[in-house]
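Listing of work_19.tsv; format and content: TSV, C-alpha atoms.
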chain	number	residue	atom	x	y	z
I	1	MET	CA	92.21	82.37	123.63
I	2	ARG	CA	91.04	81.41	120.16
I	3	PHE	CA	93.30	80.86	117.18
I	4	PHE	CA	92.00	81.58	113.66
I	5	ASP	CA	93.85	79.36	111.25
I	6	CYS	CA	93.79	78.30	107.63
I	7	GLN	CA	95.51	74.99	106.90
I	8	PRO	CA	96.85	75.63	103.40
I	9	ALA	CA	98.17	79.16	104.02
I	10	PRO	CA	101.83	79.72	104.95
I	11	SER	CA	101.53	82.39	107.67
I	12	PRO	CA	99.23	80.57	110.09
I	13	ARG	CA	101.47	77.49	109.79
I	14	ARG	CA	104.14	79.55	111.54
I	15	VAL	CA	101.84	79.84	114.55
I	16	ARG	CA	100.94	76.12	114.43
I	17	ILE	CA	104.62	75.17	114.50
I	18	PHE	CA	105.24	77.63	117.34
I	19	LEU	CA	102.35	76.14	119.34
I	20	ALA	CA	103.57	72.59	118.68
I	21	GLU	CA	107.10	73.46	119.87
I	22	LYS	CA	105.60	74.91	123.06
I	23	GLY	CA	103.27	71.97	123.60
I	24	LEU	CA	100.38	74.43	123.72
I	25	GLU	CA	96.85	73.66	122.58
I	26	VAL	CA	94.56	76.57	121.75
I	27	PRO	CA	90.96	76.25	120.50
I	28	THR	CA	91.25	76.68	116.76
I	29	ILE	CA	88.82	77.95	114.16
I	30	GLU	CA	89.48	77.23	110.50
I	31	VAL	CA	88.82	80.23	108.26
I	32	ASP	CA	87.88	79.35	104.70
I	33	LEU	CA	90.07	81.75	102.74
I	34	ALA	CA	89.19	80.03	99.47
I	35	SER	CA	85.53	81.03	99.78
I	36	GLY	CA	86.39	84.55	101.01
I	37	GLU	CA	85.25	84.06	104.60
I	38	GLN	CA	87.93	86.56	105.69
I	39	PHE	CA	86.07	89.35	103.88
I	40	GLY	CA	82.75	88.71	105.62
I	41	GLU	CA	81.54	90.92	108.45
I	42	PRO	CA	82.04	88.43	111.30
I	43	PHE	CA	85.73	87.96	110.55
I	44	ARG	CA	86.28	91.61	109.62
I	45	ARG	CA	85.10	92.63	113.07
I	46	LEU	CA	87.95	90.56	114.51
I	47	ASN	CA	90.52	91.69	111.97
I	48	PRO	CA	89.80	94.57	109.59
I	49	TRP	CA	92.93	93.65	107.61
I	50	CYS	CA	91.17	90.36	106.65
I	51	THR	CA	94.23	88.17	107.18
I	52	VAL	CA	95.08	85.04	109.13
I	53	PRO	CA	96.51	84.13	111.58
I	54	VAL	CA	94.54	85.88	114.32
I	55	LEU	CA	94.85	85.20	118.03
I	56	GLU	CA	91.87	86.46	120.00
I	57	LEU	CA	92.66	86.94	123.69
I	58	ASP	CA	90.14	86.35	126.45
I	59	ASP	CA	89.49	90.10	126.79
I	60	GLY	CA	88.61	90.33	123.09
I	61	THR	CA	91.92	91.85	121.95
I	62	CYS	CA	92.90	90.46	118.57
I	63	LEU	CA	96.50	90.01	117.51
I	64	THR	CA	96.74	89.86	113.74
I	65	GLU	CA	100.44	89.48	112.97
I	66	THR	CA	102.54	86.39	113.53
I	67	VAL	CA	105.21	88.33	115.41
I	68	GLY	CA	102.66	89.74	117.87
I	69	ILE	CA	100.96	86.38	118.32
I	70	CYS	CA	104.23	84.55	118.95
I	71	SER	CA	105.45	87.23	121.36
I	72	TYR	CA	102.27	86.74	123.40
I	73	LEU	CA	102.53	82.95	123.35
I	74	GLU	CA	106.20	83.15	124.39
I	75	GLU	CA	105.08	84.88	127.57
I	76	VAL	CA	102.15	82.52	128.17
I	77	GLN	CA	104.50	79.52	127.95
I	78	PRO	CA	108.14	80.63	128.20
I	79	GLU	CA	109.75	77.21	127.70
I	80	PRO	CA	111.24	76.19	125.40
I	81	ARG	CA	112.46	79.69	124.53
I	82	LEU	CA	111.72	80.33	120.86
I	83	MET	CA	112.40	84.08	120.83
I	84	GLY	CA	115.85	84.20	122.41
I	85	ARG	CA	117.44	83.60	125.80
I	86	ASP	CA	119.13	86.95	126.35
I	87	ARG	CA	118.84	90.48	124.97
I	88	ARG	CA	121.24	89.85	122.09
I	89	GLU	CA	119.47	86.67	121.03
I	90	ARG	CA	116.02	88.21	121.44
I	91	ALA	CA	117.04	91.09	119.19
I	92	LEU	CA	118.58	88.75	116.63
I	93	VAL	CA	115.45	86.59	116.50
I	94	LEU	CA	113.24	89.62	115.76
I	95	ASP	CA	115.83	90.91	113.32
I	96	TRP	CA	116.06	87.70	111.31
I	97	ASN	CA	112.36	87.02	111.55
I	98	HIS	CA	111.65	90.36	109.95
I	99	ARG	CA	114.29	89.92	107.27
I	100	ILE	CA	112.99	86.47	106.36
I	101	GLU	CA	109.45	87.85	106.12
I	102	SER	CA	110.28	90.85	103.97
I	103	GLU	CA	112.89	89.29	101.68
I	104	GLY	CA	111.66	85.69	101.69
I	105	LEU	CA	107.96	85.22	102.41
I	106	ALA	CA	106.90	88.54	100.87
I	107	ALA	CA	108.95	87.95	97.72
I	108	ILE	CA	107.45	84.51	97.18
I	109	ALA	CA	103.95	85.85	97.87
I	110	GLU	CA	104.60	88.64	95.35
I	111	SER	CA	105.44	86.14	92.65
I	112	PHE	CA	102.58	83.81	93.52
I	113	ARG	CA	99.78	86.32	93.92
I	114	ASN	CA	100.59	88.15	90.72
I	115	HIS	CA	100.51	84.89	88.76
I	116	SER	CA	97.82	82.64	90.21
I	117	ARG	CA	94.43	82.89	88.50
I	118	GLY	CA	92.78	82.65	91.90
I	119	PHE	CA	94.24	86.00	92.91
I	120	ARG	CA	93.13	88.08	89.96
I	121	ASN	CA	92.37	91.59	91.34
I	122	ARG	CA	93.73	90.47	94.70
I	123	SER	CA	97.45	90.74	94.12
I	124	VAL	CA	97.93	92.27	97.57
I	125	THR	CA	96.89	90.59	100.81
I	126	GLY	CA	93.84	92.12	102.42
I	127	PRO	CA	90.46	93.48	101.38
I	128	GLY	CA	91.69	95.86	98.67
I	129	THR	CA	91.27	95.33	94.94
I	130	TYR	CA	94.61	95.40	93.14
I	131	GLU	CA	95.17	94.11	89.63
I	132	GLN	CA	97.93	91.62	89.07
I	133	VAL	CA	101.22	93.09	87.82
I	134	PRO	CA	102.86	90.51	85.55
I	135	ALA	CA	106.35	92.02	86.01
I	136	LEU	CA	106.22	90.97	89.65
I	137	ILE	CA	106.04	87.25	88.83
I	138	GLU	CA	109.70	87.15	87.82
I	139	ARG	CA	110.79	89.92	90.17
I	140	GLY	CA	109.43	88.04	93.16
I	141	ARG	CA	111.23	84.86	92.08
I	142	ALA	CA	114.50	86.74	91.63
I	143	ARG	CA	114.19	88.36	95.05
I	144	ALA	CA	113.38	85.01	96.68
I	145	SER	CA	116.37	83.36	94.99
I	146	ARG	CA	118.66	86.09	96.19
I	147	PHE	CA	117.24	85.76	99.69
I	148	PHE	CA	117.90	82.01	99.76
I	149	ASP	CA	121.46	82.66	98.54
I	150	GLU	CA	122.06	84.98	101.48
I	151	LEU	CA	120.47	82.56	103.94
I	152	ASP	CA	122.58	79.71	102.55
I	153	GLY	CA	125.73	81.76	103.09
I	154	HIS	CA	124.65	82.60	106.61
I	155	LEU	CA	123.87	78.96	107.46
I	156	ALA	CA	127.37	77.97	106.34
I	157	GLY	CA	128.53	79.32	109.67
I	158	SER	CA	125.57	78.56	111.91
I	159	PRO	CA	123.52	75.39	112.59
I	160	TYR	CA	120.34	77.46	112.99
I	161	VAL	CA	119.36	80.93	111.84
I	162	VAL	CA	120.29	82.46	115.20
I	163	ASP	CA	123.29	80.80	116.79
I	164	SER	CA	123.01	77.17	117.83
I	165	VAL	CA	119.40	77.15	118.98
I	166	PHE	CA	116.10	76.58	117.16
I	167	THR	CA	113.96	79.75	117.27
I	168	MET	CA	111.03	81.53	115.67
I	169	ALA	CA	113.46	82.69	112.96
I	170	ASP	CA	113.90	79.04	111.90
I	171	ILE	CA	110.13	78.60	111.85
I	172	THR	CA	109.70	81.58	109.53
I	173	ALA	CA	112.54	80.39	107.31
I	174	LEU	CA	111.12	76.85	107.19
I	175	VAL	CA	107.72	78.14	106.12
I	176	ALA	CA	109.34	80.40	103.51
I	177	TYR	CA	111.37	77.46	102.19
I	178	ASP	CA	108.30	75.26	101.82
I	179	PHE	CA	106.25	78.15	100.40
I	180	ALA	CA	108.82	78.47	97.59
I	181	GLY	CA	107.39	75.26	96.14
I	182	TRP	CA	104.23	77.24	95.30
I	183	ILE	CA	106.25	79.16	92.72
I	184	LYS	CA	108.19	76.05	91.65
I	185	LEU	CA	111.42	77.29	93.16
I	186	ASP	CA	113.65	74.72	94.85
I	187	PRO	CA	115.68	76.49	97.53
I	188	ALA	CA	117.95	73.44	97.96
I	189	GLU	CA	119.31	73.63	94.43
I	190	GLY	CA	122.94	74.71	94.67
I	191	ARG	CA	122.55	75.64	98.34
I	192	ALA	CA	124.04	72.83	100.41
I	193	HIS	CA	123.93	74.61	103.78
I	194	LEU	CA	120.31	75.58	103.37
I	195	ALA	CA	119.46	72.02	102.31
I	196	ARG	CA	121.22	70.59	105.39
I	197	TRP	CA	119.40	73.02	107.67
I	198	HIS	CA	116.03	72.30	106.02
I	199	LYS	CA	116.48	68.55	106.48
I	200	SER	CA	117.22	69.11	110.15
I	201	VAL	CA	114.30	71.45	110.96
I	202	SER	CA	111.85	69.46	108.83
I	203	ALA	CA	112.59	66.37	110.91
I	204	ARG	CA	111.15	68.02	114.03
I	205	PRO	CA	107.65	66.77	114.93
I	206	SER	CA	106.40	70.39	114.90
I	207	ALA	CA	107.14	70.68	111.17
I	208	LYS	CA	104.37	68.20	110.37
I	209	VAL	CA	101.58	70.61	111.29
N	210	MET	CA	127.67	100.13	120.36
N	211	ARG	CA	127.77	102.01	117.06
N	212	PHE	CA	124.72	103.23	115.17
N	213	PHE	CA	124.85	103.51	111.37
N	214	ASP	CA	122.43	106.20	110.32
N	215	CYS	CA	121.41	108.19	107.27
N	216	GLN	CA	119.70	111.49	108.00
N	217	PRO	CA	117.30	111.75	105.06
N	218	ALA	CA	116.09	108.12	105.10
N	219	PRO	CA	112.88	107.18	106.94
N	220	SER	CA	113.90	103.90	108.62
N	221	PRO	CA	116.90	105.13	110.62
N	222	ARG	CA	114.81	108.07	111.84
N	223	ARG	CA	112.72	105.51	113.72
N	224	VAL	CA	115.83	104.54	115.67
N	225	ARG	CA	116.80	108.18	116.26
N	226	ILE	CA	113.37	108.93	117.73
N	227	PHE	CA	113.56	105.77	119.85
N	228	LEU	CA	116.98	106.81	121.19
N	229	ALA	CA	115.77	110.35	121.90
N	230	GLU	CA	112.75	109.06	123.84
N	231	LYS	CA	115.08	106.88	125.92
N	232	GLY	CA	117.59	109.67	126.45
N	233	LEU	CA	120.30	107.39	125.02
N	234	GLU	CA	123.31	108.60	123.09
N	235	VAL	CA	125.12	106.13	120.88
N	236	PRO	CA	128.18	106.89	118.72
N	237	THR	CA	126.72	107.45	115.27
N	238	ILE	CA	128.18	107.01	111.80
N	239	GLU	CA	126.45	108.65	108.85
N	240	VAL	CA	126.25	106.37	105.81
N	241	ASP	CA	126.07	108.20	102.50
N	242	LEU	CA	123.29	106.31	100.76
N	243	ALA	CA	123.19	108.86	97.93
N	244	SER	CA	126.72	107.98	96.83
N	245	GLY	CA	126.13	104.23	97.29
N	246	GLU	CA	128.35	103.77	100.35
N	247	GLN	CA	126.03	100.98	101.52
N	248	PHE	CA	127.11	98.83	98.56
N	249	GLY	CA	130.84	99.14	99.28
N	250	GLU	CA	132.77	96.32	100.92
N	251	PRO	CA	133.28	97.96	104.33
N	252	PHE	CA	129.55	98.44	104.92
N	253	ARG	CA	128.58	95.17	103.27
N	254	ARG	CA	130.74	93.31	105.80
N	255	LEU	CA	128.56	94.81	108.53
N	256	ASN	CA	125.28	94.29	106.71
N	257	PRO	CA	125.11	92.14	103.57
N	258	TRP	CA	121.56	93.45	102.96
N	259	CYS	CA	123.09	96.93	102.41
N	260	THR	CA	120.43	98.78	104.40
N	261	VAL	CA	120.35	101.24	107.28
N	262	PRO	CA	119.80	101.42	110.19
N	263	VAL	CA	122.43	99.10	111.63
N	264	LEU	CA	123.34	98.77	115.29
N	265	GLU	CA	126.72	97.15	115.85
N	266	LEU	CA	127.08	95.69	119.33
N	267	ASP	CA	130.36	95.63	121.23
N	268	ASP	CA	130.92	91.95	120.37
N	269	GLY	CA	130.61	92.75	116.64
N	270	THR	CA	127.04	91.44	116.23
N	271	CYS	CA	125.12	93.64	113.79
N	272	LEU	CA	121.39	94.20	114.08
N	273	THR	CA	120.00	95.31	110.73
N	274	GLU	CA	116.27	95.72	111.26
N	275	THR	CA	114.58	98.47	113.26
N	276	VAL	CA	112.53	95.98	115.27
N	277	GLY	CA	115.65	94.08	116.37
N	278	ILE	CA	117.55	97.27	117.14
N	279	CYS	CA	114.71	98.74	119.21
N	280	SER	CA	114.19	95.47	121.07
N	281	TYR	CA	117.86	95.54	122.09
N	282	LEU	CA	117.76	99.20	123.13
N	283	GLU	CA	114.59	98.58	125.15
N	284	GLU	CA	116.55	96.11	127.27
N	285	VAL	CA	119.62	98.36	127.53
N	286	GLN	CA	117.45	101.19	128.83
N	287	PRO	CA	114.03	99.91	129.90
N	288	GLU	CA	112.49	103.28	130.84
N	289	PRO	CA	110.40	104.80	129.47
N	290	ARG	CA	108.83	101.62	128.13
N	291	LEU	CA	108.36	101.97	124.38
N	292	MET	CA	107.55	98.36	123.57
N	293	GLY	CA	104.76	97.67	126.05
N	294	ARG	CA	104.34	97.29	129.79
N	295	ASP	CA	102.74	93.84	129.93
N	296	ARG	CA	102.44	90.82	127.66
N	297	ARG	CA	99.31	92.08	125.94
N	298	GLU	CA	100.79	95.50	125.26
N	299	ARG	CA	104.14	94.06	124.18
N	300	ALA	CA	102.35	91.83	121.67
N	301	LEU	CA	100.18	94.71	120.42
N	302	VAL	CA	103.21	96.95	119.89
N	303	LEU	CA	104.96	94.32	117.76
N	304	ASP	CA	101.67	93.60	115.98
N	305	TRP	CA	100.98	97.21	115.06
N	306	ASN	CA	104.60	97.97	114.31
N	307	HIS	CA	104.63	95.18	111.75
N	308	ARG	CA	101.32	96.21	110.22
N	309	ILE	CA	102.42	99.83	109.89
N	310	GLU	CA	105.65	98.71	108.23
N	311	SER	CA	104.07	96.34	105.74
N	312	GLU	CA	100.95	98.34	104.87
N	313	GLY	CA	102.26	101.85	105.43
N	314	LEU	CA	106.02	102.29	105.06
N	315	ALA	CA	106.42	99.53	102.46
N	316	ALA	CA	103.52	100.85	100.36
N	317	ILE	CA	104.94	104.37	100.31
N	318	ALA	CA	108.41	103.04	99.50
N	319	GLU	CA	106.89	100.99	96.68
N	320	SER	CA	105.37	104.08	95.11
N	321	PHE	CA	108.47	106.22	95.64
N	322	ARG	CA	111.16	103.81	94.49
N	323	ASN	CA	109.31	102.87	91.33
N	324	HIS	CA	108.92	106.52	90.38
N	325	SER	CA	112.03	108.42	91.43
N	326	ARG	CA	114.71	108.77	88.77
N	327	GLY	CA	117.34	108.19	91.43
N	328	PHE	CA	116.11	104.62	91.94
N	329	ARG	CA	116.17	103.43	88.36
N	330	ASN	CA	117.17	99.73	88.46
N	331	ARG	CA	116.97	99.86	92.24
N	332	SER	CA	113.25	99.59	92.78
N	333	VAL	CA	113.77	97.18	95.68
N	334	THR	CA	115.83	98.02	98.77
N	335	GLY	CA	119.18	96.25	98.90
N	336	PRO	CA	122.00	95.33	96.55
N	337	GLY	CA	119.90	93.68	93.82
N	338	THR	CA	119.17	95.21	90.41
N	339	TYR	CA	115.44	95.49	89.79
N	340	GLU	CA	113.89	97.62	87.10
N	341	GLN	CA	111.18	100.05	88.09
N	342	VAL	CA	107.61	98.84	87.58
N	343	PRO	CA	105.44	101.86	86.68
N	344	ALA	CA	102.22	100.12	87.78
N	345	LEU	CA	103.50	100.18	91.35
N	346	ILE	CA	103.58	103.98	91.53
N	347	GLU	CA	99.80	104.19	91.77
N	348	ARG	CA	99.37	100.85	93.52
N	349	GLY	CA	101.67	101.94	96.33
N	350	ARG	CA	99.75	105.21	96.72
N	351	ALA	CA	96.44	103.38	96.82
N	352	ARG	CA	97.72	100.93	99.44
N	353	ALA	CA	99.13	103.76	101.54
N	354	SER	CA	95.83	105.68	101.37
N	355	ARG	CA	93.92	102.62	102.44
N	356	PHE	CA	96.35	102.08	105.30
N	357	PHE	CA	95.90	105.65	106.55
N	358	ASP	CA	92.12	105.20	106.36
N	359	GLU	CA	92.35	102.17	108.64
N	360	LEU	CA	94.72	103.91	111.03
N	361	ASP	CA	92.42	106.93	111.16
N	362	GLY	CA	89.50	104.69	112.08
N	363	HIS	CA	91.57	103.00	114.75
N	364	LEU	CA	92.72	106.32	116.25
N	365	ALA	CA	89.10	107.42	116.56
N	366	GLY	CA	88.97	105.19	119.62
N	367	SER	CA	92.51	105.47	120.93
N	368	PRO	CA	94.81	108.41	121.75
N	369	TYR	CA	97.87	106.47	120.60
N	370	VAL	CA	98.29	103.46	118.34
N	371	VAL	CA	98.39	101.05	121.29
N	372	ASP	CA	96.10	102.11	124.11
N	373	SER	CA	96.85	105.36	125.92
N	374	VAL	CA	100.60	105.21	125.86
N	375	PHE	CA	103.22	106.39	123.34
N	376	THR	CA	105.15	103.39	121.94
N	377	MET	CA	107.35	102.22	119.10
N	378	ALA	CA	104.16	101.73	117.07
N	379	ASP	CA	103.58	105.50	117.19
N	380	ILE	CA	107.16	106.09	116.10
N	381	THR	CA	106.73	103.85	113.07
N	382	ALA	CA	103.39	105.46	112.23
N	383	LEU	CA	104.85	108.97	112.60
N	384	VAL	CA	107.70	108.14	110.24
N	385	ALA	CA	105.27	106.57	107.76
N	386	TYR	CA	103.05	109.67	107.95
N	387	ASP	CA	105.95	112.03	107.24
N	388	PHE	CA	107.33	109.69	104.55
N	389	ALA	CA	104.01	110.03	102.71
N	390	GLY	CA	105.08	113.55	101.78
N	391	TRP	CA	107.72	112.00	99.51
N	392	ILE	CA	104.91	110.75	97.26
N	393	LYS	CA	102.88	113.95	97.70
N	394	LEU	CA	100.24	112.21	99.75
N	395	ASP	CA	98.75	114.15	102.67
N	396	PRO	CA	97.56	111.65	105.29
N	397	ALA	CA	95.67	114.39	107.18
N	398	GLU	CA	93.27	115.07	104.32
N	399	GLY	CA	89.86	113.84	105.39
N	400	ARG	CA	91.30	111.98	108.37
N	401	ALA	CA	90.66	114.06	111.47
N	402	HIS	CA	91.72	111.47	114.04
N	403	LEU	CA	94.99	110.79	112.29
N	404	ALA	CA	95.62	114.55	112.00
N	405	ARG	CA	94.97	115.05	115.75
N	406	TRP	CA	97.30	112.17	116.61
N	407	HIS	CA	100.02	113.45	114.26
N	408	LYS	CA	99.90	116.90	115.79
N	409	SER	CA	100.31	115.39	119.24
N	410	VAL	CA	103.22	113.03	118.45
N	411	SER	CA	104.98	115.62	116.27
N	412	ALA	CA	105.05	118.01	119.22
N	413	ARG	CA	107.33	115.67	121.18
N	414	PRO	CA	110.97	116.78	121.24
N	415	SER	CA	111.99	113.36	119.90
N	416	ALA	CA	110.13	114.03	116.64
N	417	LYS	CA	112.62	116.74	115.69
N	418	VAL	CA	115.44	114.29	115.04
Representation of the structure as structure tokens:
Amino acid sequence: MRFFDCQPAPSPRRVRIFLAEKGLEVPTIEVDLASGEQFGEPFRRLNPWCTVPVLELDDGTCLTETVGICSYLEEVQPEPRLMGRDRRERALVLDWNHRIESEGLAAIAESFRNHSRGFRNRSVTGPGTYEQVPALIERGRARASRFFDELDGHLAGSPYVVDSVFTMADITALVAYDFAGWIKLDPAEGRAHLARWHKSVSARPSAKV
Amino acid sequence: MRFFDCQPAPSPRRVRIFLAEKGLEVPTIEVDLASGEQFGEPFRRLNPWCTVPVLELDDGTCLTETVGICSYLEEVQPEPRLMGRDRRERALVLDWNHRIESEGLAAIAESFRNHSRGFRNRSVTGPGTYEQVPALIERGRARASRFFDELDGHLAGSPYVVDSVFTMADITALVAYDFAGWIKLDPAEGRAHLARWHKSVSARPSAKV
């Protein structure tokens, strides 16, 4: 296996945390997103969507979404279980993971990419050319705030995102929380349960990656 | 179990097709999205995100994302396998399913919700109030077109989305394809492989639901 990473980007950090929790080491290649390496032919042959993370399997198959990559790694190294211990938990982990991506990560990315000068004409992830839409700067922030409100309410009754066990859903939420700093949004503000949870998951050694 | 459905909406159709392929029958409640039933207290207690589909388990747990719901149903009724037969296939199904959602379904929804008069102030799924952003009408179409181009290229070398077997990834792609009609986009135009695949998956009895 080979793991294509980019240190500053939020999504591949999810895979790094997952690997650290599993105690897995996979040969890693840093992709220089800042210089546009993801749009060059060599990388595009691996992943036509031009995104990281990518996990290339030994047979050449490339997984290009965090959920696919983590599902594979969960089967390579089942313990500790990060994607649920029974059918209900497994479903809840996928459920929350998706919700956190679409309402949290995607909302923050929407605000960031439509604002940052570095993403002019690249307001959408991938190889396409899309002008920035200024209205999305505030809309993304509002959506992210609302998402953190919901998550805070949920964490009032649960130590982790899914029941009482640390899972991939916590990893995605942790990365979304930290990513919010990129748009100068502090998820802890007025959200005591979320702040408590963040302190706890950030203290894990895996969070340092 | 109870399944909360809405006939005209694309996302719950994914679950209906999944159930039909499995030969499963689950007590079903129709939610009247047009009248705003999803924003009322009874439904909001089940799903604070105010979206369908929802699968309520016998212990009261509610799954609110298609990927979580299908994962649960796959374990309730493993055959026929719709989420992969080995670790590589399972990862690829989740990988493609996510890509089709974020690049296909979400792009079409972006174009549709920012255009339709019925979604004024509701340009984002869920209970929040978000004004329509006219720039997203064309952007969503362009993203969807690009997505169908990629999928067409992929299907040139594969009878189904993942290898030679019908999976959840085909279900999501089928629903995205048909949803494109809502924005008057014909995915078949100039995409012979995609058209061949669509004809094949649409001929399955499950596609009629």
Worksheet item: Please, which residues of chain I lie no more than 10 Å from chain N when the count uses only C-alpha atoms, and can they be set out as a PyMOL selection string?
Response: chain I and resi 48-49+57+61-76+86-99+102-103+106+124-136+139+142-143+146-147+150
Worksheet item: Nearest to Pro205 in chain I: which of I:Glu101, I:Glu21, I:Asp5, I:Glu41 is it, counting all atoms listed in the file?
Response: I:Glu21
Practice prompt. With a distance cut-off of 8 Å and only C-alpha atoms, select the neighbouring residues of range 172-186 of chain I, excluding the residue or stretch itself and same-chain residues fewer than 4 positions from it, and output the selection as a list in words.
Written response: Pro10, Ser11, Arg13, Arg14, Asn97, Ile100, Glu101, Gly104, Leu105, Ile108, Ser111, Phe112, Arg141, Met168, His198, Val201 and Ser202 of chain I
Please identify all polymer residues within 8 Å of Leu255 in chain N, counting all atoms listed in the file, omitting same-chain residues fewer than 3 positions from it, and present them as an mmCIF file with C-alpha atoms, in the coordinates of the input.
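Contents of the output file around24.cif:
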data_model
loop_
_atom_site.group_PDB
_atom_site.id
_atom_site.type_symbol
_atom_site.label_atom_id
_atom_site.label_comp_id
_atom_site.auth_asym_id
_atom_site.auth_seq_id
_atom_site.Cartn_x
_atom_site.Cartn_y
_atom_site.Cartn_z
ATOM 1 C CA PRO N 251 133.280 97.960 104.330
ATOM 2 C CA PHE N 252 129.550 98.440 104.920
ATOM 3 C CA GLU N 265 126.720 97.150 115.850
ATOM 4 C CA CYS N 271 125.120 93.640 113.790
#
Worksheet, complete the sentence: Residue with the minimum atom-to-atom distance to Ile346 in chain N, picked from N:Gly366, N:Leu264, N:Arg329, N:Ala318 with all atoms listed in the file counted, is N:Ala318
Let me know the centre plus edge lengths, in Å and rounded to one decimal, of a box with edges along x, y and z that contains all listed atoms of range 172-189 of chain I and is padded by 5 Å on every side, as AutoDock Vina command-line options.
--center_x 111.8 --center_y 77.5 --center_z 100.6 --size_x 25.1 --size_y 18.1 --size_z 27.9
